[in-house]
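> Below: one structure in structure tokens.
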Amino acid sequence: MVLLLAFTCLAASAYAEPANTPRKDFWITDGQVTSLMATNGLLYLGGTFQYIGVATGNGVPVHRMTGAPDLTFPQINGRVNAVVPDANGGWYVAGSFSQVGSAGRANLAHILANGQVDPSWVPVANGEVLTLLISGSTLYVGGKFTRLNNAVRNHIGALELATGRNLAWAPGIDGDVRAIAVYGSRVFVGGQFTNVSDLARSNLVSLDAVSNDPISSWDASVNGPVNSLIVDGTTLYFGGEFSQVGGESRTNLAAVGVLNSSPLEWHADTDGPVNSLVISGSTIYVGGNFTRIGEMERHRLAAVAAGTGEVQGWDPAAGGEIKTMAMAGQTLYVGGSFTVVGGTQPRLNVAALDPITGAASAWNPSVGNTVLAMAFNEQSVFVGGSFVSMAGQRCVNLAAVDTLTGRATGWAPRIGSELGSVQVTALAQVNDTILVAGLFDHVEGQLRNNLAAVSLSGQVLDWNPDVRGGVFALTCRSNVVYFGGNFTNVGGQLVTNLAAVSLETGVPLDWRPNPNGIVRALAQGGDRIVAGGAFTRIGGKNRSRIASLDATTGEASGWDPFSSGEVRALAVRGDTVYAGGLFQSIGAQFRTNIAALDLVSGAALDWNVSLNGMVHFLGVGTDRLFAAGQFTSVGGLTRRYVTALDLQTAAVLPWNPVPNTAVYAVSQERDQVFLGGSFSSLGLGIHQGLGAFRPVGYSELQAFLQTNVFRIRLNGNAQETYVLQTSTNFVDWVNETTNTLKETSIMIGGISVTNLNEAYYRALSVP
């Protein structure tokens, strides 16, 4: 019997410092997050996104049975256009990327079966790679590049498969190469080009595999791009975006001889582009963006007879464009940009179909964006594309995530607009109601202009203030909702930029400060509402961009810090008001973009640190002030877009998660910190829009029994070192292994169940 002890180990201070590395299991979005609210074990988020799922990078092996992505696989930081298996459990991948895991790679990489990036295989393409093909010991590479390994290779080249070194084969092509196929000593190349090695060839060419010269007698003369090629026997089938082959009418799909380039009497014209072809037995499966093939209606997927071109009865009817396909045994895997396939089965961008019936299987990885490449081995289907997450769900601009599991809860009222852009800028919870503010005109199909109330079950409530203009700030006091923005009408009444409505009815109250400019931030200070923005007059008095207003009358008090520039963020703790924005002076002192003000006098306090860019957000955490925005330096230290400051001294704290672009929101609950923004990475890891950080030293153990072998998964923070200890009495502990995590988890152990003894396990962080 094995007793497994799983717990969190924290530093001895009252509040542990957040780790710099985000949780890898915490779901991310496919767009920007502009508002966050953590409460009661849930993180509510709003922004401009359509999907939320687990971070995978742009390509990952997915289990052929379960559909689960391999989260230990190194993340690829850019689009994956092509992938081929290496026959040893690994993968060659290509696209438009610069990093795989922690290894720099220029658009080409080899990932070994153990998940490690092959350190000895480092070819460099100076442009995007669109297609790969293995033939014997040669890897053919095609795309948009002009150099391979710093040697001239115009859009196509050949690499030694084992080493990645250039082979001498180097035909020059004057345009993009999208597809490659091999027949004996001939290499067929399709794409969008007009000349090959100074010989006129339109979009399709046959090359000598030894001399690299075009076969002079073979000229298919295709009048549009060729996207896909397959060879079957002595026939070359190809699909693309064309209307003529060899001067004869062929629309988007055609067949020619591998030795004779004249078009065959094989007709299966489509009314839209063909992107992918797969052959199985005597059937060719066709994927693209068409609605008819031959004389039959077929939506983006079809099957035709290889011998005659006759359209078969197979009709999965995909709800969006098919970009790639792969046939593995009795399963046809399809990828692209769709939400429905197999008739009526919901599938997001990837699916597994029966090649006989067209029915979708239960396999459902649910990918967050377009799938462009697929290949398979015995265990996995590799899925690549322009996505960064999968295994999630559609959420339209609003979602909730369980902070323990990191997974979306299903609470996802759809926020939208018939007029243009949508954004959720502020969230607040009052009892069992979530208030949502921003730029939108409907929630779950119901008319709601820029401010709405939603229940904890996701139901849109009747409360409807009807705000005619954007709402950017929100705060609640007693039974009153205060909100600011850029509007002129609330509930049919003339109200400018700052308003208060009843929490019960949504009816505007007689509270009219009428600022003459946009209100960006609100906070509560005692019996007053502190407002920040771009105004110069508010509550009947001249106030430069920041003011304190009576919560009952709306009149401005004598409190007048006078900011030299726009105030975009406010936070209050005790008798201190923290202000952020884009200014050089405030409270009669020089302060650069952030300041602490006395709530009574308005004077700037000695608390002083400079930020070199705009502050969008301020939030008081358990022991610190979080600031986020568009800065890269804080107090002379490098801090990109987010920082944590000591509440008493303004000292810059160690936390440094390094997002690659702006952060718009920070929230903290218990020992976790959450970030939202427009970033696509945090540190070296791909983390789009959303990140969660546990404390330094956090660890958790999980037990697994795999084929009669006991294993332990240690979950922690990447780059931290942990010692695994065992005990038989819970008093005396023995060190077993020491591990430094490259990612946020590692599998340890391998004890046969026949050798197990009763034991306790724990993991401790090593400084």
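Labels for the structure tokens follow display order: chains A, B, ..., residues from 1 in each chain, ligands from 1.
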Taking only region 131-175 of chain A into account, list the residues labelled strand (DSSP E) by DSSP (computed from the backbone), as a list in words.

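Of region 131-175 of chain A, the ones in strand (DSSP E) are Thr131, Leu132, Leu133, Ile134, Ser135, Thr138, Leu139, Tyr140, Val141, Gly142, Gly143, Arg147, Leu148, Ala151, Val152, Ile156, Gly157, Ala158, Leu159 and Glu160 of chain A.
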
> Quick one: of A:Ala373, A:Met37, A:Ala168, A:Leu348, who's nearest to Val129 (chain A), counting only C-alpha atoms?

A:Ala373

> Rank nothing, just name the residue among A:Pro346, A:Gly506, A:Pro465, A:Gly175 nearest to Leu447 (chain A), using only C-alpha atoms.

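Of A:Pro346, A:Gly506, A:Pro465, A:Gly175, the one nearest Leu447 (chain A), counting only C-alpha atoms, is A:Pro465.
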
> Could you work out how far CA of Pro654 (chain A) lies from CA of Leu522 (chain A), giving the answer in Å with one decimal?

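Answer for the CA of Leu522 (chain A) to CA of Pro654 (chain A) separation: 28.5 Å.
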
> What is the CA of Glu265 (chain A)-CA of Ser249 (chain A) distance in Å, reported with one decimal?

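CA of Glu265 (chain A) sits 10.8 Å away from CA of Ser249 (chain A).
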
> Would you mind telling me which residue in A:Leu498, A:Val371, A:Val436, A:Val430 lies nearest to Asn479 (chain A) when using only C-alpha atoms?

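Of A:Leu498, A:Val371, A:Val436, A:Val430, the one nearest Asn479 (chain A) is A:Val430, counting only C-alpha atoms.
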
> Report as CSV the residues of region 375-406 of chain A within 12 Å of region 667-676 of chain A, each with its shortest atom pair and distance in Å (one decimal), using only C-alpha atoms, ordered by chain and increasing residue number.


```
residue,atom,partner,partner_atom,distance
A:Val401,CA,A:Phe674,CA,11.0
A:Asp402,CA,A:Glu669,CA,11.8
A:Thr403,CA,A:Gln672,CA,8.3
A:Leu404,CA,A:Gln672,CA,9.6
A:Gly406,CA,A:Phe674,CA,11.1
```

> Need the shell around Leu461 (chain A): protein/DNA/RNA residues with any atom at most 12 Å away, counting only C-alpha atoms. Skip same-chain ones fewer than 3 positions apart. Format as a list of chain:residue names?

A:Pro413, A:Asp432, A:Thr433, A:Ile434, A:Leu435, A:Val436, A:Val443, A:Glu444, A:Gln446, A:Leu447, A:Arg448, A:Leu451, A:Ala452, A:Ala453, A:Val454, A:Ser455, A:Leu456, A:Ser457, A:Gly458, A:Asn464, A:Pro465, A:Leu503, A:Glu504, A:Thr505, A:Gly506

> Quick one: everything within 7 Å of Phe535 (chain A), counting only C-alpha atoms, minus sequence neighbours fewer than 6 positions away in the same chain. Send it as a list in words.

Pro515, Asn516, Gly517, Ile518, Ser544 and Arg545 of chain A

> Can you tell me which residues surround Ala400 (chain A) at a distance of at most 6 Å, considering only C-alpha atoms, apart from same-chain residues fewer than 6 positions away, and format the answer as a PyMOL selection string?

chain A and resi 43-44+408-409+411

> Using the selection just defined, write its residues with all heavy atoms as a compact mmCIF listing (two decimals), in the first residue's frame.


```txt
# COMPACT_ATOMS: atom_id res chain seq x y z
N LEU A 43 -12.35 32.55 -11.53
CA LEU A 43 -11.80 33.72 -12.19
C LEU A 43 -12.70 34.07 -13.36
O LEU A 43 -12.81 33.32 -14.32
CB LEU A 43 -10.38 33.44 -12.70
CG LEU A 43 -9.72 34.60 -13.46
CD1 LEU A 43 -9.41 35.76 -12.51
CD2 LEU A 43 -8.45 34.15 -14.16
N TYR A 44 -13.38 35.21 -13.25
CA TYR A 44 -14.20 35.71 -14.35
C TYR A 44 -13.32 36.58 -15.25
O TYR A 44 -12.53 37.38 -14.76
CB TYR A 44 -15.38 36.52 -13.82
CG TYR A 44 -16.38 35.70 -13.03
CD1 TYR A 44 -16.26 35.57 -11.65
CD2 TYR A 44 -17.41 35.04 -13.68
CE1 TYR A 44 -17.17 34.81 -10.92
CE2 TYR A 44 -18.33 34.27 -12.96
CZ TYR A 44 -18.20 34.16 -11.59
OH TYR A 44 -19.09 33.40 -10.87
N ALA A 408 -12.15 26.00 -17.79
CA ALA A 408 -13.38 26.79 -17.87
C ALA A 408 -14.54 26.02 -17.25
O ALA A 408 -14.60 24.79 -17.35
CB ALA A 408 -13.69 27.14 -19.32
N THR A 409 -15.44 26.75 -16.63
CA THR A 409 -16.55 26.12 -15.92
C THR A 409 -17.77 25.87 -16.79
O THR A 409 -18.66 25.12 -16.40
CB THR A 409 -17.00 27.02 -14.76
OG1 THR A 409 -17.53 28.25 -15.29
CG2 THR A 409 -15.85 27.33 -13.82
N TRP A 411 -19.57 28.56 -17.65
CA TRP A 411 -20.24 29.87 -17.55
C TRP A 411 -19.64 30.74 -18.64
O TRP A 411 -18.49 31.15 -18.58
CB TRP A 411 -19.98 30.48 -16.18
CG TRP A 411 -20.73 31.77 -15.90
CD1 TRP A 411 -21.95 31.88 -15.31
CD2 TRP A 411 -20.28 33.10 -16.16
NE1 TRP A 411 -22.29 33.21 -15.21
CE2 TRP A 411 -21.29 33.99 -15.72
CE3 TRP A 411 -19.13 33.64 -16.73
CZ2 TRP A 411 -21.18 35.38 -15.82
CZ3 TRP A 411 -19.02 35.02 -16.85
CH2 TRP A 411 -20.04 35.87 -16.39
```

> Using CA of Trp363 (chain A) and CA of Ala351 (chain A) as the two end points, give the distance in Å to one decimal.

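These atoms are spaced 6.8 Å apart.
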
> Glu160 (chain A): which residues within 10 Å, counting only C-alpha atoms, same-chain residues fewer than 4 positions away excluded, as a ChimeraX atom specification?

/A:121,123,134,136-140,164-168
